[in-house]
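Asker: File input.txt follows (compact mmCIF, C-alpha atoms):
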# COMPACT_ATOMS: atom_id res chain seq x y z
CA MET A 18 77.42 143.87 68.13
CA ALA A 19 75.37 140.98 69.46
CA LYS A 20 76.03 139.76 72.99
CA PRO A 21 78.48 136.89 72.85
CA GLU A 22 76.99 133.53 73.57
CA ASN A 23 78.33 130.46 75.20
CA THR A 24 78.93 127.35 73.19
CA ASP A 25 76.54 124.47 73.79
CA PRO A 26 77.12 123.18 77.36
CA ALA A 27 76.72 119.66 76.05
CA GLU A 28 80.11 120.15 74.35
CA TRP A 29 81.91 121.64 77.36
CA VAL A 30 83.22 118.37 78.77
CA ASP A 31 84.87 117.45 75.48
CA ARG A 32 86.14 120.94 74.81
CA TYR A 33 87.43 121.97 78.22
CA GLY A 34 87.22 118.95 80.56
CA ASP A 35 90.83 117.78 80.26
CA TYR A 36 92.18 121.31 80.36
CA LEU A 37 90.33 122.22 83.56
CA PHE A 38 91.19 118.87 85.12
CA ARG A 39 94.90 119.38 84.43
CA TYR A 40 94.70 122.85 85.92
CA ALA A 41 93.05 121.51 89.08
CA MET A 42 95.40 118.49 89.38
CA LEU A 43 98.51 120.67 89.32
CA ARG A 44 97.15 122.56 92.33
CA LEU A 45 95.33 119.84 94.29
CA ARG A 46 97.24 116.65 93.40
CA ASP A 47 94.09 114.70 94.25
CA ARG A 48 92.14 113.04 91.42
CA ALA A 49 88.78 112.82 93.16
CA ALA A 50 88.91 116.41 94.42
CA ALA A 51 90.01 117.68 90.99
CA GLU A 52 87.14 115.81 89.25
CA ASP A 53 84.65 117.25 91.75
CA LEU A 54 85.85 120.80 91.24
CA VAL A 55 85.71 120.46 87.45
CA GLN A 56 82.13 119.25 87.75
CA GLU A 57 81.23 122.08 90.15
CA THR A 58 82.82 124.58 87.78
CA PHE A 59 80.68 123.43 84.85
CA LEU A 60 77.52 123.45 86.97
CA ALA A 61 78.24 126.95 88.29
CA ALA A 62 78.97 128.12 84.73
CA LEU A 63 75.72 126.62 83.49
CA LYS A 64 73.74 128.35 86.21
CA ASP A 65 75.46 131.67 85.62
CA ARG A 66 75.81 131.79 81.86
CA GLY A 67 74.96 135.49 81.90
CA SER A 68 78.31 136.25 83.53
CA PHE A 69 80.17 135.35 80.36
CA SER A 70 81.01 138.72 78.86
CA GLY A 71 82.91 137.61 75.81
CA ASN A 72 85.79 139.90 76.76
CA SER A 73 87.85 136.79 77.30
CA SER A 74 87.66 133.36 75.78
CA GLU A 75 85.26 130.82 77.17
CA SER A 76 88.11 128.75 78.56
CA THR A 77 89.48 131.76 80.46
CA TRP A 78 86.01 132.37 81.87
CA LEU A 79 85.77 128.76 83.05
CA VAL A 80 89.27 128.80 84.58
CA GLY A 81 88.26 131.95 86.47
CA ILE A 82 85.38 130.03 88.06
CA LEU A 83 87.63 127.05 88.80
CA LYS A 84 90.20 129.33 90.49
CA HIS A 85 87.57 130.46 92.99
CA LYS A 86 86.57 126.85 93.65
CA ILE A 87 90.20 125.93 94.32
CA ALA A 88 90.63 128.85 96.75
CA ASP A 89 87.44 127.73 98.54
CA HIS A 90 88.87 124.23 98.76
CA PHE A 91 92.08 125.56 100.37
CA ARG A 92 90.02 127.74 102.74
CA HIS A 93 88.04 124.71 103.77
CA GLN A 94 91.20 122.64 104.34
CA ALA A 95 92.71 125.43 106.45
CA ARG A 96 89.57 125.49 108.60
CA GLU A 97 89.56 121.71 108.98
CA ALA A 98 93.23 121.54 109.91
CA PRO A 99 94.26 124.91 111.34
CA LEU A 100 97.88 125.83 111.69
CA GLU A 101 99.62 124.05 114.56
CA ASP A 102 102.87 124.75 116.35
CA GLU A 103 104.36 121.83 114.47
CA ASP A 104 103.85 123.63 111.18
CA LEU A 105 106.16 126.38 112.39
CA ARG A 106 108.80 124.35 114.21
CA ASP A 107 111.75 122.37 112.94
CA GLN A 108 110.80 118.75 112.61
CA PRO A 109 112.79 116.90 115.25
CA GLY A 110 115.76 115.12 113.74
CA SER A 111 115.26 116.64 110.31
CA SER A 112 117.01 119.99 110.77
CA PRO A 113 120.08 120.26 108.55
CA PHE A 114 121.71 122.58 111.12
CA ASP A 115 123.64 121.98 114.32
CA GLY A 116 122.98 123.78 117.60
CA SER A 117 124.87 126.88 116.53
CA GLY A 118 123.05 127.14 113.19
CA HIS A 119 125.76 125.73 110.89
CA TRP A 120 124.97 123.20 108.16
CA THR A 121 125.52 119.61 109.28
CA SER A 122 124.87 118.41 105.73
CA GLY A 123 124.81 121.18 103.18
CA PRO A 124 123.02 121.17 99.84
CA THR A 125 124.76 118.95 97.29
CA ASP A 126 125.92 120.11 93.89
CA TRP A 127 123.04 119.63 91.41
CA GLY A 128 125.48 119.74 88.53
CA GLY A 129 125.31 121.05 85.00
CA ASN A 130 122.61 123.37 83.84
CA PRO A 131 119.26 121.95 84.87
CA ALA A 132 117.26 124.83 83.38
CA ASP A 133 115.23 122.57 81.08
CA LEU A 134 113.86 120.42 83.87
CA TYR A 135 110.32 121.53 83.31
CA ARG A 136 110.25 119.71 79.98
CA GLU A 137 110.73 116.34 81.63
CA LYS A 138 107.62 114.37 82.42
CA LYS A 139 109.37 112.50 85.23
CA PHE A 140 110.36 115.73 86.89
CA LEU A 141 106.71 116.80 87.05
CA ASP A 142 105.93 113.44 88.71
CA GLN A 143 108.70 113.86 91.30
CA PHE A 144 107.80 117.48 91.97
CA THR A 145 104.16 116.47 92.53
CA GLU A 146 105.25 113.62 94.77
CA CYS A 147 107.47 115.92 96.86
CA LEU A 148 104.73 118.53 97.17
CA SER A 149 102.29 115.84 98.33
CA ARG A 150 104.64 114.93 101.17
CA LEU A 151 104.32 118.36 102.75
CA SER A 152 101.55 119.01 105.26
CA PRO A 153 98.41 120.48 103.60
CA ASN A 154 99.11 123.97 104.97
CA HIS A 155 102.67 123.94 103.65
CA ALA A 156 101.69 122.50 100.28
CA ASN A 157 98.77 124.90 99.80
CA ALA A 158 100.87 127.93 100.77
CA PHE A 159 103.57 126.87 98.31
CA THR A 160 100.97 126.25 95.60
CA LEU A 161 99.37 129.67 96.00
CA ARG A 162 102.72 131.44 96.12
CA GLU A 163 104.79 129.62 93.50
CA ILE A 164 102.24 128.01 91.18
CA ASP A 165 99.66 130.80 91.17
CA GLY A 166 102.07 133.65 91.96
CA ALA A 167 99.62 135.09 94.52
CA ASP A 168 100.94 137.81 96.82
CA THR A 169 101.35 137.06 100.50
CA GLY A 170 98.45 139.26 101.66
CA GLU A 171 96.05 137.27 99.48
CA ILE A 172 97.43 133.94 100.72
CA CYS A 173 97.10 135.01 104.37
CA LYS A 174 93.37 135.56 103.81
CA VAL A 175 92.83 132.19 102.16
CA LEU A 176 94.81 130.23 104.75
CA ASN A 177 93.81 132.47 107.66
CA VAL A 178 97.37 132.99 108.95
CA THR A 179 99.43 136.06 109.83
CA GLU A 180 102.06 137.26 107.40
CA THR A 181 104.86 136.39 109.82
CA ASN A 182 103.57 132.84 110.11
CA LEU A 183 103.18 132.60 106.35
CA TRP A 184 106.86 133.47 105.84
CA VAL A 185 107.79 130.66 108.23
CA ILE A 186 105.45 128.22 106.46
CA LEU A 187 106.88 129.10 103.04
CA HIS A 188 110.43 128.78 104.37
CA ARG A 189 109.68 125.30 105.77
CA ALA A 190 107.90 124.31 102.56
CA ARG A 191 110.79 125.41 100.33
CA MET A 192 113.37 123.75 102.55
CA GLN A 193 111.54 120.41 102.62
CA LEU A 194 110.75 120.52 98.92
CA ARG A 195 114.38 121.31 98.04
CA ARG A 196 115.59 118.43 100.12
CA CYS A 197 113.01 116.03 98.68
CA LEU A 198 113.96 116.98 95.11
CA GLU A 199 117.62 116.56 95.97
CA THR A 200 116.96 113.05 97.23
CA ARG A 201 114.47 111.92 94.58
CA TRP A 202 115.74 113.71 91.49
CA PHE A 203 119.23 115.14 91.79
CA GLY A 204 120.61 112.56 94.19
CA GLY A 205 120.99 109.82 91.61
CA LYS A 206 122.63 112.17 89.15
CA THR A 207 125.26 113.94 91.22
CA GLY A 208 126.69 110.65 92.46
CA LYS A 209 127.79 109.71 88.95
CA GLU A 210 131.06 110.71 87.34
CA PRO A 211 130.56 112.81 84.20
CA MET B 15 126.66 137.57 112.80
CA LEU B 16 123.97 135.66 110.95
CA SER B 17 124.16 131.87 111.12
CA CYS B 18 123.44 129.63 108.10
CA LYS B 19 120.13 128.78 109.73
CA ASP B 20 119.19 132.48 109.89
CA VAL B 21 120.37 133.07 106.34
CA THR B 22 118.29 130.24 104.83
CA ARG B 23 115.22 131.71 106.53
CA LEU B 24 116.03 135.18 105.20
CA ILE B 25 116.69 133.87 101.68
CA SER B 26 113.18 132.44 101.66
CA GLU B 27 111.70 135.63 103.12
CA SER B 28 113.42 137.72 100.49
CA MET B 29 111.46 135.73 97.89
CA ASP B 30 108.22 137.00 99.45
CA HIS B 31 108.99 140.59 100.46
CA SER B 32 111.94 142.93 100.40
CA LEU B 33 114.10 142.69 103.49
CA PRO B 34 115.19 145.72 105.50
CA LEU B 35 118.52 147.07 104.31
CA GLY B 36 120.54 145.83 107.31
CA LYS B 37 119.38 142.25 106.86
CA ARG B 38 119.86 142.43 103.11
CA VAL B 39 123.47 143.47 103.54
CA GLY B 40 124.01 140.79 106.19
CA VAL B 41 122.67 138.08 103.87
CA ARG B 42 124.71 139.28 100.85
CA PHE B 43 127.88 139.33 102.92
CA HIS B 44 127.22 135.85 104.27
CA LEU B 45 126.59 134.53 100.74
CA LEU B 46 129.99 135.81 99.61
CA ILE B 47 131.77 133.62 102.11
CA CYS B 48 129.43 130.62 102.50
CA LYS B 49 129.34 128.13 99.64
CA PHE B 50 126.45 126.09 101.04
CA CYS B 51 124.11 129.04 101.58
CA ALA B 52 124.97 130.47 98.15
CA ARG B 53 124.13 127.09 96.65
CA TYR B 54 120.93 126.93 98.69
CA GLU B 55 119.81 130.27 97.28
CA ARG B 56 120.62 129.24 93.69
CA GLN B 57 118.63 126.03 94.14
CA LEU B 58 115.56 127.78 95.59
CA LEU B 59 115.61 130.22 92.67
CA LEU B 60 116.00 127.33 90.23
CA ILE B 61 112.98 125.60 91.79
CA ARG B 62 110.96 128.83 91.51
CA GLU B 63 111.92 129.31 87.85
CA THR B 64 111.28 125.66 87.01
CA VAL B 65 107.84 125.74 88.65
CA ARG B 66 106.96 128.87 86.68
CA ARG B 67 107.89 127.26 83.38
CA LEU B 68 106.16 124.05 84.35
CA VAL B 69 102.96 125.94 85.12
CA ALA B 70 103.17 127.94 81.89
CA THR B 71 103.47 124.65 79.98
CA GLU B 72 100.79 122.79 81.89
CA ASP B 73 98.27 125.64 81.90
CA GLY B 74 99.03 126.47 78.29
CA PRO B 75 97.13 125.23 75.27
CA GLY B 76 99.86 123.03 73.84
CA GLU B 77 101.59 119.82 74.86
CA SER B 78 101.24 118.77 78.46
CA HIS B 79 102.56 116.02 80.67
CA GLY B 80 99.53 116.17 82.91
CA GLU B 81 96.79 113.61 83.10
CA SER B 82 93.33 113.68 81.54
CA LEU B 83 89.87 113.19 82.97
CA SER B 84 88.86 109.53 83.01
CA GLU B 85 86.05 108.49 80.68
CA GLU B 86 84.06 107.56 83.76
CA ALA B 87 84.38 111.07 85.21
CA LYS B 88 83.52 112.61 81.85
CA GLY B 89 80.36 110.53 81.67
CA ARG B 90 79.38 111.51 85.19
CA ILE B 91 79.94 115.21 84.53
CA ARG B 92 78.06 115.11 81.20
CA LYS B 93 75.13 113.52 83.00
CA SER B 94 75.11 116.17 85.74
CA LEU B 95 75.14 118.92 83.11
CA ALA B 96 72.22 117.38 81.25
CA THR B 97 70.10 117.10 84.42
CA PRO B 98 71.17 119.96 86.64
I'd like the structure from this file rewritten - as structure tokens, please.
Answerer:
Amino acid sequence: MAKPENTDPAEWVDRYGDYLFRYAMLRLRDRAAAEDLVQETFLAALKDRGSFSGNSSESTWLVGILKHKIADHFRHQAREAPLEDEDLRDQPGSSPFDGSGHWTSGPTDWGGNPADLYREKKFLDQFTECLSRLSPNHANAFTLREIDGADTGEICKVLNVTETNLWVILHRARMQLRRCLETRWFGGKTGKEP
Amino acid sequence: MLSCKDVTRLISESMDHSLPLGKRVGVRFHLLICKFCARYERQLLLIRETVRRLVATEDGPGESHGESLSEEAKGRIRKSLATP
């Protein structure tokens, strides 16, 4: 069988541009950075066309390159803004617990059966907005863990943190994200009578 | 006894690795008697499940809510590919 060949690179932008951009946007939430990484992905692919084995589709091959670029981006951000004590502490005034560790304001009832949330365009917007409000370390840890499903050992290497610190970061990230979604999405709904 | 503050931390940790038996039992017992923490756990799991489905939809080939590359960016990238 002949060695599989790439399609004409001149067609890549039309074929895969939007797809790769969407993939990057979900993880970076930054238009300019996502555009840059898509461009870098195509350029790297062009330079290294021999690495396309044909075992997977061309789009899977390109996403594989993009994944590495995104991890590099997170690595770079972690170096620029290393973990600080603040990332691991309760934000003053924002803890939902009193001095003895009891809820001062517990989670509200989110009502009904919100299992189909992911279908709603506005939910994606609010989720993205809430994720953007976290510090970069928190947001990137959450992205790697929950969006990419990476295991914690892998994430520790990318973000250059210990596993114990990563658990704290993920805990803070989930707590803040939950609260943000409660305020921005569920808040308006639970107040209403059915 | 574990406080609600401890339990929320352990609920999150249990989503990343399996807890030692003693802690696991402590958390389960607490969740039986604490409505808020039980709700907290349900909501974190709902967020996890929703994110997974969202990602499957967005990364998938079909319909997506996500945005597209601007024409300007497409032009710029096409140019860079033509003159690497």
Asker: So that I can see what lies close to Leu95 in chain B, please list as a ChimeraX atom specification the residues with an atom at most 12 Å from it, counting only C-alpha atoms and leaving out residues fewer than 2 positions away in the same chain.
Answerer: /A:25-30,55-64 /B:88-93,97-98
Asker: Write out as a list in words every residue belonging to chain A that has an atom at most 6 Å from any atom of chain B, counting only C-alpha atoms.
Answerer: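 Listed by rising number, the hits are Asp35, Arg39, Gln56, Gly118, His119, Gly123, Tyr135, Lys138, Trp184 and His188 of chain A.
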Asker: Could you tell me how far CA of Leu183 in chain A sits from CA of Thr169 in chain A, in Å to one decimal place?
Answerer: 7.6 Å
Asker: Separation of CA of Ala41 in chain A and CA of Asp65 in chain A, in Å?
Answerer: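 One can read the CA of Ala41 in chain A to CA of Asp65 in chain A distance as 20.6 Å.
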Asker: Which distance in Å separates CA of Phe91 in chain A and CA of Leu194 in chain A, to one decimal?
Answerer: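 Between CA of Phe91 in chain A and CA of Leu194 in chain A the gap is 19.4 Å.
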Asker: Counting all atoms listed in the file, which of A:Met192, A:Asn72, A:Arg66, A:Val185 gets nearest to Leu148 in chain A?
Answerer: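 Ranked by minimum distance to Leu148 in chain A, first place goes to A:Met192.
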